[in-house]
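See structure below.
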Amino acid sequence: MLGPRSMQQVVMGVCRLLCWTLSLPFQLMEMLGLYSAYKRLFPLLAYNITFSYNDKMHKVKRALFRNVARFAGSDGTLRLLEIGCGSGANFSFYPQGCTVTCADPNPHFDSYLRSSMDANTHLTYERFVVVSGEDMKEIQDGSVDVVVGTLVLCSVRHVQHVLQEVRRVLRVGGAFYFLEHVVGDPSSWIHFCQYVFEPLWYYLGDGCTVTRATWKDLEQAGFAELHLQHMEATEVTSVIRPHIWGYAIR
């Protein structure tokens, strides 16, 4: 006879299989090369979700970026690279006069990004680079003071490769600011939901994975200092409620 723990695993497996089955049309689209059509639609969805997420996480983002200006270069200019910039959800939190370079693998964010630029004229914008976080060869070594990545490491293919690239483009003494949803406690209801819905969430979220222990990657990335906090973002949906936030110094 199955014990409570074994029964839970069986239920989780059955529910996950159901969600995997629901994701079959997306898997077929990917196999046939048609998933790129959804990538055109995703920026519109992300742009609208951004407003809701920023409202709910406003205090957290304010706290996250409150000391970003301290990393300005010797000339007083803060050169900032945002990876996975999306529609520019973080622009309003950056300090006056900050010089921003945007990077994202999805070129279809361009029009939404420009809209955010027009709404945040306190910043100077360098360029929008279409690159993946794992290979930012267009960005020179040690050329930026700050790298920002929020809700990015959940959807890259290789977290450690991205963090290596972040360290490469940062000057010594520069900082990487992050805000990420992560896997919940294995004994929690949230973890159950994450495990079950991940196959479908992955495709609806354009590659977003909800079961990553991203803090472990940050701890192993070789930063000189790591200032990291865990939190429960009670305002957002339970599947992405567990978060980490903070900054790491090169």
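All residue names refer to the structure tokens as shown: chains lettered A, B, ... in order, residues numbered from 1 in each chain, ligands numbered from 1 in order.
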
Check your understanding: Hey, what's within 12 Å of Glu165 in chain A if we count only C-alpha atoms and toss same-chain stuff fewer than 5 positions away? As a ChimeraX atom specification, please?
Key -> /A:81,83,131-144,147,158-160,170-171,176,221-222,250

Let me see the file: selected residues, C-alpha atoms, as an mmCIF file, in the first residue's frame.
```cif
data_model
loop_
_atom_site.group_PDB
_atom_site.id
_atom_site.type_symbol
_atom_site.label_atom_id
_atom_site.label_comp_id
_atom_site.auth_asym_id
_atom_site.auth_seq_id
_atom_site.Cartn_x
_atom_site.Cartn_y
_atom_site.Cartn_z
ATOM 1 C CA LEU A 81 23.463 46.927 -19.499
ATOM 2 C CA ILE A 83 19.889 41.699 -20.290
ATOM 3 C CA VAL A 131 21.685 38.656 -28.395
ATOM 4 C CA SER A 132 21.233 35.788 -25.965
ATOM 5 C CA GLY A 133 22.589 36.114 -22.451
ATOM 6 C CA GLU A 134 24.890 33.158 -23.047
ATOM 7 C CA ASP A 135 26.756 34.911 -25.867
ATOM 8 C CA MET A 136 27.009 38.701 -25.665
ATOM 9 C CA LYS A 137 30.033 39.021 -27.935
ATOM 10 C CA GLU A 138 28.854 42.446 -29.119
ATOM 11 C CA ILE A 139 29.477 43.796 -25.610
ATOM 12 C CA GLN A 140 33.144 44.430 -24.810
ATOM 13 C CA ASP A 141 34.957 43.016 -21.788
ATOM 14 C CA GLY A 142 34.728 45.217 -18.694
ATOM 15 C CA SER A 143 32.717 47.869 -20.543
ATOM 16 C CA VAL A 144 29.782 48.383 -18.143
ATOM 17 C CA VAL A 147 24.301 44.611 -15.430
ATOM 18 C CA HIS A 158 22.462 27.799 -19.338
ATOM 19 C CA VAL A 159 22.407 29.966 -16.209
ATOM 20 C CA GLN A 160 26.121 29.569 -15.498
ATOM 21 C CA LEU A 170 31.355 44.028 -15.964
ATOM 22 C CA ARG A 171 34.323 46.147 -14.946
ATOM 23 C CA PHE A 176 24.975 42.530 -11.254
ATOM 24 C CA ALA A 221 29.431 32.074 -10.141
ATOM 25 C CA GLY A 222 32.627 33.493 -8.626
ATOM 26 C CA ARG A 250 32.467 41.603 -9.656
#
```

**Study point:** Every residue of range 24-208 of chain A that DSSP places in helix (DSSP H, G or I), as number ranges by chain
**Key:** A: 24-31, 36-56, 58-64, 68-71, 91-93, 107-119, 159-169, 189-204

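Distances to Leu226 in chain A were evaluated for A:Val129, A:Leu45, A:Leu204, A:Ile249 using only C-alpha atoms, and the minimum falls at A:Ile249.
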
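Across range 90-140 of chain A, DSSP run on the backbone finds strand (DSSP E) at Thr99, Val100, Thr101, Cys102, Ala103, Thr124, Tyr125, Glu126, Arg127, Phe128 and Val129 of chain A.
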
Exercise for review: Tell me which protein, DNA and RNA residues are within 8 Å of Val239 in chain A, counting only C-alpha atoms, leaving out same-chain ones fewer than 6 positions away, and put them as a list in words.
Suggested key: Ile190, His191, Cys193, Gln194 and Val210 of chain A

Residues of the last selection are to be written out with N, CA and C atoms, as a compact mmCIF listing (two decimals), in the first residue's frame.
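After the write, again_11.txt holds the following:
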```txt
# COMPACT_ATOMS: atom_id res chain seq x y z
N ILE A 190 3.12 25.21 -3.21
CA ILE A 190 3.67 25.97 -4.34
C ILE A 190 4.57 25.07 -5.19
N HIS A 191 5.42 24.28 -4.54
CA HIS A 191 6.30 23.37 -5.28
C HIS A 191 5.48 22.37 -6.08
N CYS A 193 2.51 22.87 -7.39
CA CYS A 193 1.99 23.59 -8.55
C CYS A 193 3.09 23.83 -9.59
N GLN A 194 4.28 24.18 -9.12
CA GLN A 194 5.39 24.42 -10.03
C GLN A 194 5.73 23.17 -10.83
N VAL A 210 10.12 27.14 -13.93
CA VAL A 210 9.72 27.59 -12.59
C VAL A 210 10.34 26.75 -11.47
```

Range 38-43 of chain A environment, 9 Å, only C-alpha atoms, sequence neighbours closer than 5 positions dropped, as a PDB file with C-alpha atoms, in the first residue's frame:
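Written out: part-v7.pdb:
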```
ATOM      1  CA  ASN A  48       0.743  44.070 -20.628  1.00  0.00           C
ATOM      2  CA  GLY A  86      11.906  42.959 -22.728  1.00  0.00           C
ATOM      3  CA  SER A  87       9.707  46.047 -22.910  1.00  0.00           C
ATOM      4  CA  ASN A 106      13.650  38.494 -29.075  1.00  0.00           C
ATOM      5  CA  PRO A 107      13.787  41.297 -31.688  1.00  0.00           C
ATOM      6  CA  HIS A 108      10.022  41.756 -31.556  1.00  0.00           C
ATOM      7  CA  PHE A 109      10.280  43.690 -28.285  1.00  0.00           C
ATOM      8  CA  ASP A 110      11.653  46.647 -30.239  1.00  0.00           C
ATOM      9  CA  TYR A 112       7.458  48.207 -26.938  1.00  0.00           C
ATOM     10  CA  LEU A 204       3.328  29.882 -22.578  1.00  0.00           C
ATOM     11  CA  GLY A 205       6.188  31.765 -20.904  1.00  0.00           C
ATOM     12  CA  ASP A 206       8.550  31.556 -23.905  1.00  0.00           C
TER      13      ASP A 206
END
```

Point to revise | Nearest candidate to Tyr125 in chain A (options A:Leu179, A:Trp20, A:Arg79, A:Asp104; using only C-alpha atoms) | key: A:Arg79

Review point. Which of these, A:Gly246, A:Thr209, A:Met231, A:Gln27, has the shortest distance to Arg66 in chain A once you count only C-alpha atoms?
Key: A:Gly246

Practice item. Could you give me, as number ranges by chain, the residues within 12 Å of Met117 in chain A, counting only C-alpha atoms and dropping anything in the same chain fewer than 2 positions from it? Key: A: 85-92, 94, 99-102, 110-115, 119-128

Review point. Smallest atom-to-atom distance to Val130 in chain A: which of A:Glu82, A:Arg168, A:Leu151, A:Val14, using only C-alpha atoms?
Key: A:Glu82

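Distances here use only C-alpha atoms; by that measure, the residue among A:Tyr203, A:Phe197, A:Phe192, A:Phe178 closest to His227 in chain A is A:Phe178.
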
Point to revise | Nearest candidate to Pro242 in chain A (options A:Thr214, A:Asn67, A:Ser23, A:Thr77; using only C-alpha atoms) | key: A:Thr214

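Here CA of Arg212 in chain A is placed at a distance of 27.2 Å from CA of Asp145 in chain A.
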